[in-house]
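Everything below belongs to input_6.cif, which stores mmCIF, C-alpha atoms and all ligand atoms.
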data_upload
loop_
_atom_site.label_atom_id
_atom_site.label_comp_id
_atom_site.auth_asym_id
_atom_site.auth_seq_id
_atom_site.Cartn_x
_atom_site.Cartn_y
_atom_site.Cartn_z
CA MET J 1 25.68 -4.39 -3.83
CA ASP J 2 24.07 -1.27 -2.43
CA ASN J 3 23.69 -0.67 1.31
CA ARG J 4 21.39 2.34 0.98
CA PRO J 5 17.83 1.96 2.35
CA ILE J 6 14.71 1.08 0.37
CA GLY J 7 12.20 3.96 0.41
CA VAL J 8 8.57 3.00 0.98
CA PHE J 9 5.68 5.43 1.21
CA ASP J 10 1.93 5.68 1.59
CA SER J 11 -0.63 8.23 2.68
CA GLY J 12 -0.58 6.67 6.15
CA LEU J 13 -0.39 3.23 7.70
CA GLY J 14 -1.23 1.20 4.59
CA GLY J 15 2.31 0.90 3.27
CA LEU J 16 3.23 -1.05 6.38
CA THR J 17 1.70 -4.05 4.61
CA ALA J 18 4.67 -3.80 2.24
CA VAL J 19 7.15 -3.18 5.07
CA LYS J 20 5.95 -6.30 6.88
CA GLN J 21 6.64 -8.38 3.81
CA LEU J 22 10.00 -6.71 3.08
CA GLU J 23 11.11 -7.49 6.62
CA GLN J 24 10.39 -11.16 5.93
CA VAL J 25 11.88 -11.55 2.47
CA LEU J 26 14.78 -9.10 2.81
CA PRO J 27 15.61 -9.10 6.54
CA GLY J 28 19.02 -7.50 5.94
CA GLU J 29 17.71 -4.39 4.17
CA SER J 30 17.40 -0.93 5.68
CA ILE J 31 14.08 0.82 5.10
CA VAL J 32 12.90 4.42 5.25
CA TYR J 33 9.12 4.46 5.63
CA PHE J 34 7.10 7.59 5.04
CA GLY J 35 3.40 7.76 6.01
CA ASP J 36 1.65 11.03 5.26
CA THR J 37 -0.62 10.73 8.30
CA GLY J 38 -1.28 14.46 8.41
CA ARG J 39 -2.81 14.50 4.89
CA VAL J 40 -4.44 11.06 4.71
CA PRO J 41 -6.71 10.13 2.93
CA TYR J 42 -5.39 10.63 -0.59
CA GLY J 43 -8.01 8.46 -2.24
CA SER J 44 -10.89 10.92 -2.05
CA ARG J 45 -8.86 13.84 -3.44
CA GLY J 46 -8.48 15.17 -6.97
CA LYS J 47 -5.70 14.23 -9.34
CA ASP J 48 -3.77 17.53 -8.97
CA THR J 49 -3.59 17.18 -5.21
CA ILE J 50 -2.54 13.52 -5.35
CA LEU J 51 0.19 14.42 -7.86
CA ARG J 52 1.48 17.25 -5.67
CA TYR J 53 1.52 15.03 -2.56
CA ALA J 54 3.23 12.20 -4.44
CA LYS J 55 5.98 14.54 -5.68
CA GLN J 56 6.69 15.76 -2.16
CA ASP J 57 6.63 12.24 -0.72
CA MET J 58 9.14 11.00 -3.26
CA ALA J 59 11.31 14.12 -2.84
CA PHE J 60 11.48 13.35 0.88
CA LEU J 61 12.52 9.74 0.25
CA LEU J 62 15.21 10.82 -2.23
CA SER J 63 16.53 13.26 0.39
CA GLN J 64 17.06 10.16 2.57
CA ASN J 65 19.36 8.70 -0.09
CA VAL J 66 17.18 5.68 -0.90
CA LYS J 67 18.24 3.20 -3.61
CA ALA J 68 14.68 2.45 -4.78
CA VAL J 69 11.18 3.82 -4.20
CA LEU J 70 8.17 1.63 -3.53
CA ALA J 71 4.84 3.44 -3.87
CA ALA J 72 2.99 1.24 -1.37
CA CYS J 73 -0.19 3.11 -2.15
CA GLY J 74 -2.81 2.07 -4.68
CA THR J 75 -3.93 5.66 -5.13
CA VAL J 76 -0.48 7.06 -5.95
CA SER J 77 0.24 4.01 -8.13
CA SER J 78 -2.98 4.66 -10.06
CA VAL J 79 -2.83 8.43 -10.39
CA ALA J 80 0.80 9.54 -10.04
CA ARG J 81 2.82 6.71 -11.52
CA SER J 82 4.48 9.14 -13.97
CA VAL J 83 6.14 10.92 -11.03
CA GLY J 84 7.76 7.68 -9.90
CA GLU J 85 8.78 6.65 -13.37
CA ALA J 86 10.73 9.90 -13.77
CA LEU J 87 12.91 9.20 -10.72
CA SER J 88 16.62 8.44 -10.98
CA VAL J 89 16.22 5.24 -8.90
CA PRO J 90 14.11 2.12 -9.58
CA PHE J 91 10.42 2.69 -8.92
CA ILE J 92 7.91 -0.04 -8.07
CA ASP J 93 4.16 0.36 -7.69
CA VAL J 94 1.39 -1.93 -6.50
CA ILE J 95 -0.77 -2.31 -9.62
CA GLY J 96 1.19 -4.67 -11.90
CA PRO J 97 2.36 -7.07 -9.19
CA SER J 98 -1.18 -7.35 -7.71
CA ALA J 99 -2.79 -7.91 -11.11
CA LYS J 100 -0.24 -10.61 -11.86
CA ALA J 101 -0.91 -12.38 -8.57
CA ALA J 102 -4.69 -12.20 -9.10
CA ALA J 103 -4.37 -13.56 -12.63
CA ALA J 104 -2.37 -16.50 -11.28
CA ALA J 105 -4.88 -17.15 -8.49
CA THR J 106 -8.23 -17.00 -10.29
CA LYS J 107 -9.86 -20.16 -11.59
CA ASN J 108 -13.15 -18.73 -12.83
CA GLY J 109 -11.76 -15.47 -14.29
CA ARG J 110 -14.05 -13.35 -12.10
CA ILE J 111 -11.93 -10.90 -10.10
CA GLY J 112 -13.07 -8.26 -7.63
CA VAL J 113 -11.06 -5.08 -7.05
CA ILE J 114 -11.56 -2.86 -4.03
CA GLY J 115 -9.74 0.44 -3.60
CA THR J 116 -10.09 4.12 -2.93
CA ALA J 117 -12.40 6.28 -5.06
CA ALA J 118 -9.43 7.66 -7.04
CA THR J 119 -8.05 4.18 -7.70
CA ILE J 120 -11.35 2.73 -8.85
CA GLN J 121 -12.07 5.79 -11.02
CA SER J 122 -8.67 5.46 -12.70
CA ASP J 123 -9.47 1.90 -13.82
CA SER J 124 -5.80 1.03 -13.23
CA TYR J 125 -6.31 -2.50 -11.91
CA ARG J 126 -8.93 -3.42 -14.48
CA SER J 127 -6.67 -2.26 -17.31
CA ALA J 128 -3.72 -4.23 -15.90
CA LEU J 129 -5.86 -7.36 -15.53
CA LEU J 130 -7.30 -7.09 -19.04
CA ARG J 131 -3.80 -6.65 -20.44
CA ILE J 132 -2.94 -10.03 -18.93
CA ASN J 133 -6.16 -11.72 -20.13
CA HIS J 134 -8.89 -9.82 -21.94
CA LYS J 135 -11.43 -12.49 -20.95
CA PHE J 136 -11.25 -11.66 -17.25
CA GLU J 137 -14.41 -10.17 -15.77
CA VAL J 138 -13.53 -7.45 -13.29
CA PHE J 139 -15.84 -6.17 -10.55
CA PRO J 140 -14.61 -2.90 -8.99
CA GLN J 141 -15.84 -1.28 -5.79
CA ALA J 142 -14.64 1.84 -4.00
CA CYS J 143 -14.57 1.50 -0.19
CA PRO J 144 -13.81 5.03 1.05
CA LEU J 145 -14.62 4.37 4.72
CA PHE J 146 -12.02 1.63 5.14
CA VAL J 147 -9.05 4.03 5.27
CA PRO J 148 -10.36 6.24 8.10
CA LEU J 149 -11.38 3.11 10.00
CA VAL J 150 -7.86 1.67 9.74
CA GLU J 151 -6.21 5.01 10.54
CA SER J 152 -8.45 5.27 13.61
CA GLY J 153 -7.44 1.82 14.82
CA PHE J 154 -10.73 -0.02 14.11
CA VAL J 155 -8.72 -3.00 12.95
CA ALA J 156 -9.54 -5.89 15.28
CA PRO J 157 -11.21 -8.85 13.52
CA GLN J 158 -14.05 -8.70 16.05
CA ASP J 159 -14.73 -4.99 15.42
CA GLU J 160 -18.45 -4.71 14.64
CA VAL J 161 -18.30 -1.29 12.99
CA THR J 162 -15.70 -2.37 10.45
CA ARG J 163 -17.56 -5.62 9.77
CA LEU J 164 -20.83 -3.79 9.05
CA VAL J 165 -19.10 -1.38 6.67
CA ALA J 166 -17.39 -4.32 4.94
CA GLU J 167 -20.69 -6.15 4.53
CA ARG J 168 -22.23 -3.12 2.87
CA TYR J 169 -19.33 -2.54 0.45
CA LEU J 170 -18.63 -6.15 -0.42
CA ALA J 171 -22.19 -7.42 -0.99
CA PRO J 172 -22.23 -6.69 -4.77
CA ILE J 173 -18.81 -8.26 -5.28
CA ARG J 174 -19.77 -11.35 -3.34
CA ALA J 175 -22.98 -11.61 -5.37
CA ALA J 176 -20.92 -11.44 -8.59
CA GLY J 177 -19.29 -14.76 -7.69
CA VAL J 178 -15.66 -13.65 -7.75
CA ASP J 179 -13.09 -16.21 -6.62
CA THR J 180 -10.30 -13.63 -6.21
CA LEU J 181 -10.36 -10.19 -4.64
CA ILE J 182 -7.58 -7.63 -5.00
CA LEU J 183 -7.19 -5.53 -1.86
CA GLY J 184 -6.18 -2.65 -4.11
CA CYS J 185 -5.56 -0.15 -1.35
CA THR J 186 -2.67 -1.02 0.93
CA HIS J 187 -4.68 -0.12 4.01
CA TYR J 188 -7.11 -2.98 3.38
CA PRO J 189 -4.83 -5.95 4.16
CA ILE J 190 -4.68 -4.58 7.72
CA ILE J 191 -8.37 -5.57 7.99
CA ALA J 192 -7.99 -8.70 5.83
CA PRO J 193 -9.51 -11.03 8.48
CA THR J 194 -12.70 -8.95 8.46
CA ILE J 195 -12.82 -8.84 4.66
CA ALA J 196 -12.14 -12.59 4.44
CA GLY J 197 -14.94 -13.27 6.93
CA VAL J 198 -17.41 -11.30 4.82
CA MET J 199 -16.29 -12.76 1.47
CA GLY J 200 -16.39 -16.31 2.79
CA LYS J 201 -14.25 -19.33 2.02
CA GLY J 202 -13.15 -19.95 -1.52
CA VAL J 203 -12.23 -16.33 -2.27
CA THR J 204 -8.48 -15.64 -2.50
CA LEU J 205 -7.47 -12.22 -1.21
CA ILE J 206 -4.55 -10.47 -2.94
CA ASP J 207 -2.56 -8.22 -0.61
CA SER J 208 -1.29 -5.34 -2.78
CA GLY J 209 1.35 -4.31 -0.24
CA ARG J 210 2.76 -7.82 -0.06
CA GLU J 211 2.82 -8.29 -3.84
CA ALA J 212 4.58 -4.96 -4.35
CA ALA J 213 7.16 -5.88 -1.71
CA LEU J 214 7.85 -9.19 -3.45
CA ALA J 215 8.24 -7.33 -6.76
CA THR J 216 10.67 -4.91 -5.08
CA ALA J 217 12.77 -7.79 -3.76
CA GLU J 218 12.89 -9.29 -7.25
CA ALA J 219 13.83 -5.97 -8.86
CA LEU J 220 16.65 -5.33 -6.37
CA LYS J 221 18.01 -8.84 -6.83
CA ALA J 222 17.85 -8.58 -10.62
CA GLN J 223 19.66 -5.23 -10.60
CA GLY J 224 22.33 -6.25 -8.08
CA LEU J 225 21.10 -3.67 -5.58
CA LEU J 226 20.76 -5.79 -2.45
CA SER J 227 22.72 -4.82 0.68
CA GLN J 228 25.92 -6.56 1.54
CA GLU J 229 25.47 -9.42 4.00
CA GLY J 230 26.11 -8.22 7.53
CA ALA J 231 25.77 -4.52 6.64
CA PRO J 232 24.27 -2.48 9.49
CA ARG J 233 20.48 -2.36 9.19
CA GLN J 234 18.25 0.57 10.09
CA VAL J 235 14.51 1.02 9.76
CA GLY J 236 13.14 4.53 10.27
CA TYR J 237 9.51 5.70 10.17
CA TYR J 238 8.53 9.25 9.26
CA VAL J 239 5.04 10.69 9.62
CA THR J 240 3.41 14.09 9.23
CA ASP J 241 1.17 14.12 12.29
CA THR J 242 1.73 13.17 15.92
CA PRO J 243 3.40 9.75 15.91
CA GLU J 244 1.37 8.17 18.77
CA ASN J 245 -1.57 6.76 16.78
CA PHE J 246 0.74 5.59 14.02
CA MET J 247 2.98 3.83 16.53
CA ASN J 248 0.05 2.04 18.20
CA VAL J 249 -1.49 0.64 15.03
CA ALA J 250 1.94 -0.07 13.52
CA GLU J 251 2.92 -2.13 16.54
CA LEU J 252 -0.35 -4.08 16.40
CA PHE J 253 0.12 -4.81 12.72
CA LEU J 254 3.90 -5.36 12.48
CA GLY J 255 4.08 -7.29 15.73
CA HIS J 256 6.97 -5.19 17.04
CA SER J 257 7.37 -1.71 18.45
CA VAL J 258 8.35 1.24 16.25
CA GLU J 259 8.82 3.59 19.19
CA GLY J 260 12.03 5.56 19.19
CA ARG J 261 12.28 5.07 15.43
CA THR J 262 9.26 7.19 14.45
CA GLN J 263 9.54 10.91 13.90
CA ARG J 264 7.46 13.72 12.52
CA ILE J 265 8.61 15.75 9.52
CA ASP J 266 7.34 18.82 7.68
CA ILE J 267 6.42 17.48 4.24
CA GLU J 268 5.36 20.91 2.96
CA SER J 269 9.03 21.95 2.90
CA TYR J 270 9.71 19.43 0.09
CA PRO J 271 9.38 20.49 -3.56
CA THR J 272 6.24 19.79 -5.57
N1 LIG V 301 -3.23 3.25 1.17
C1 LIG V 301 -3.55 4.04 0.05
C2 LIG V 301 -3.92 3.26 -1.15
O1 LIG V 301 -3.36 2.18 -1.30
C3 LIG V 301 -4.26 5.33 0.20
C4 LIG V 301 -5.44 5.43 1.02
C5 LIG V 301 -5.90 6.85 1.08
O2 LIG V 301 -5.11 7.68 1.51
O3 LIG V 301 -7.02 7.13 0.67
O4 LIG V 301 -4.70 3.64 -1.98
#
Could you show the structure in this file as structure tokens?
Ligand code: DGL
Amino acid sequence: MDNRPIGVFDSGLGGLTAVKQLEQVLPGESIVYFGDTGRVPYGSRGKDTILRYAKQDMAFLLSQNVKAVLAACGTVSSVARSVGEALSVPFIDVIGPSAKAAAAATKNGRIGVIGTAATIQSDSYRSALLRINHKFEVFPQACPLFVPLVESGFVAPQDEVTRLVAERYLAPIRAAGVDTLILGCTHYPIIAPTIAGVMGKGVTLIDSGREAALATAEALKAQGLLSQEGAPRQVGYYVTDTPENFMNVAELFLGHSVEGRTQRIDIESYPT
């Protein structure tokens, strides 16, 4: 038993897709969420910068005495996994769990992967999928405009701008006849209804935040690290820019308010 919080982080709002799932499967657990809203996006930056940011993000979470770290960010999982693997607490990323879920879902072996430029360049999802079954055909596509759209609150299923962008990005993947699509950036499940509408029926969407949260729950159970039943529960949100926009989109997505529990921190004061 371990009553310390689970640490979850992302460059911004995307990791809330993991928090939403954690709240469902582990309702008794405390969570510290960190969203680097002042430095988002990570996915269009170089490896050195992503590594530096990831080190600071994880240093912040460790300073909050977390019992495990979930990198709810496809970009960090793809580029800076080594930083997480060197931690003194269990580390979970989004790549393996999402690849496993996609492998279980596909019938025709044709799998699409969408993510940030850094994630797609790293080939992380394709490698993980081919390790599971080398006969899979993988169709990757970077979708760099999705993150700023989500961070700016263009998330409603009826939002025309987001739909047009999705149509442009997803056309080649749809034409490839995939039956499964990994939403390889954790921001993308927030606009899953739009993506599903463009992909059409018959394509299973894999939510990387959700899959990583399920993997975290399994890891904590397996290692005897769940909180004691009835232990006091706290969920805190930390961001690096003004909290207002984060709170608005978070409330829309999580279905409950995060006001009063969201505060701004200075991430640059944490070691790289
Ligand atoms: N949500 C993140 C990911 O899963 C990062 C998006 C970004 O900052 O570019 O890749």
Where does chain J meet ligand LIG 301 (chain V) within 6 Å, residue by residue, with the nearest atom pair and distance in Å to one decimal for each, counting all atoms listed in the file, listed by chain and rising number, as a tab-separated table?
residue	atom	partner	partner_atom	distance
J:Asp10	CA	V:LIG301	N1	5.7
J:Ser11	CA	V:LIG301	O2	4.7
J:Gly14	CA	V:LIG301	N1	4.5
J:Val40	CA	V:LIG301	O2	4.7
J:Pro41	CA	V:LIG301	O2	3.3
J:Tyr42	CA	V:LIG301	O2	3.6
J:Gly43	CA	V:LIG301	O3	3.3
J:Cys73	CA	V:LIG301	O1	3.4
J:Gly74	CA	V:LIG301	O1	3.4
J:Thr75	CA	V:LIG301	O4	3.8
J:Thr116	CA	V:LIG301	O4	5.5
J:Val147	CA	V:LIG301	C4	5.7
J:Cys185	CA	V:LIG301	O1	3.2
J:Thr186	CA	V:LIG301	O1	4.0
J:His187	CA	V:LIG301	N1	4.6
**OP:** Could you check which of J:Arg39, J:Arg174, J:Arg261, J:Lys135 is closest to Glu151 (chain J), using only C-alpha atoms?
**Re:**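 Smallest separation from Glu151 (chain J) among the options: J:Arg39.
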**OP:** Would you mind telling me which residue in J:Leu205, J:Ala104, J:Leu183, J:Leu254 lies nearest to Pro140 (chain J) when using all atoms listed in the file?
**Re:** J:Leu183
**OP:** Would you mind listing what lies within 10 Å of Gly197 (chain J) as an MDAnalysis selection string, with only C-alpha atoms counted and same-chain residues fewer than 2 positions away left out?
**Re:** chainID J and resid 157 163 166:167 192:195 199:201
Original post:
Using only C-alpha atoms, which residues sit within 10 Å of Phe136 (chain J) once same-chain residues fewer than 3 positions away are excluded, as a PyMOL selection string?
Top reply: chain J and resi 103+106+108-111+126+129-133+139
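One finds CA of Asp36 (chain J) at 16.0 Å from CA of Leu149 (chain J).
Take the candidates J:Leu181, J:Ala101, J:Met58, J:Val150 and check each one against Arg81 (chain J) using all atoms listed in the file; the shortest distance goes to J:Met58.
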Subject >> Gap from CA of Gly177 (chain J) to CA of Val198 (chain J) - Å, one decimal >> reply: 13.1 Å
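The shortest atom-to-atom distance to Thr180 (chain J), with only C-alpha atoms taken into account, belongs to J:Val138 out of J:Ala250, J:Ile6, J:Ala54, J:Val138.
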Original post:
J:Asp57, J:Asp207, J:Glu244, J:Glu218: which is nearest Pro271 (chain J), counting all atoms listed in the file?
Top reply: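 Among the listed residues, J:Asp57 lies closest to Pro271 (chain J).
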Subject >> Pairwise distance for CA of Leu170 (chain J) and CA of Ile191 (chain J), rounded to one decimal in Å >> reply: 13.3 Å
Subject >> Closest of J:Glu29, J:Asp179, J:Glu211, J:Glu160 to Ile95 (chain J) - atom-to-atom distances counting only C-alpha atoms >> reply: J:Glu211
Original post:
Contacts of Gly255 (chain J) at 12 Å or less, counting all atoms listed in the file, minus same-chain residues fewer than 2 places along, as a list in words?
Top reply: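 The residues that qualify are Leu16, Thr17, Val19, Lys20, Glu23, Met247, Asn248, Val249, Ala250, Glu251, Leu252, Phe253, Ser257 and Val258 of chain J.
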**OP:** Considering only C-alpha atoms, return as an NGL selection string whatever protein or nucleic-acid residues lie within 8 Å of Gly38 (chain J), sequence-local ones (same chain, fewer than 6 positions apart) excluded.
**Re:** :J and (239-241)
Once 8 Å is added on each side, what centre and edge lengths in Å to one decimal does the axis-aligned box around all listed atoms of region 106-117 of chain J have, as lines of an AutoDock Vina configuration file?
center_x = -11.1
center_y = -6.9
center_z = -8.6
size_x = 21.8
size_y = 42.4
size_z = 27.4
**OP:** Please provide the set of residues having any atom within 10 Å of Glu229 (chain J), restricted to all atoms listed in the file, with same-chain residues fewer than 3 positions apart removed, written as a PyMOL selection string.
**Re:** chain J and resi 1+3+28-29+226+232
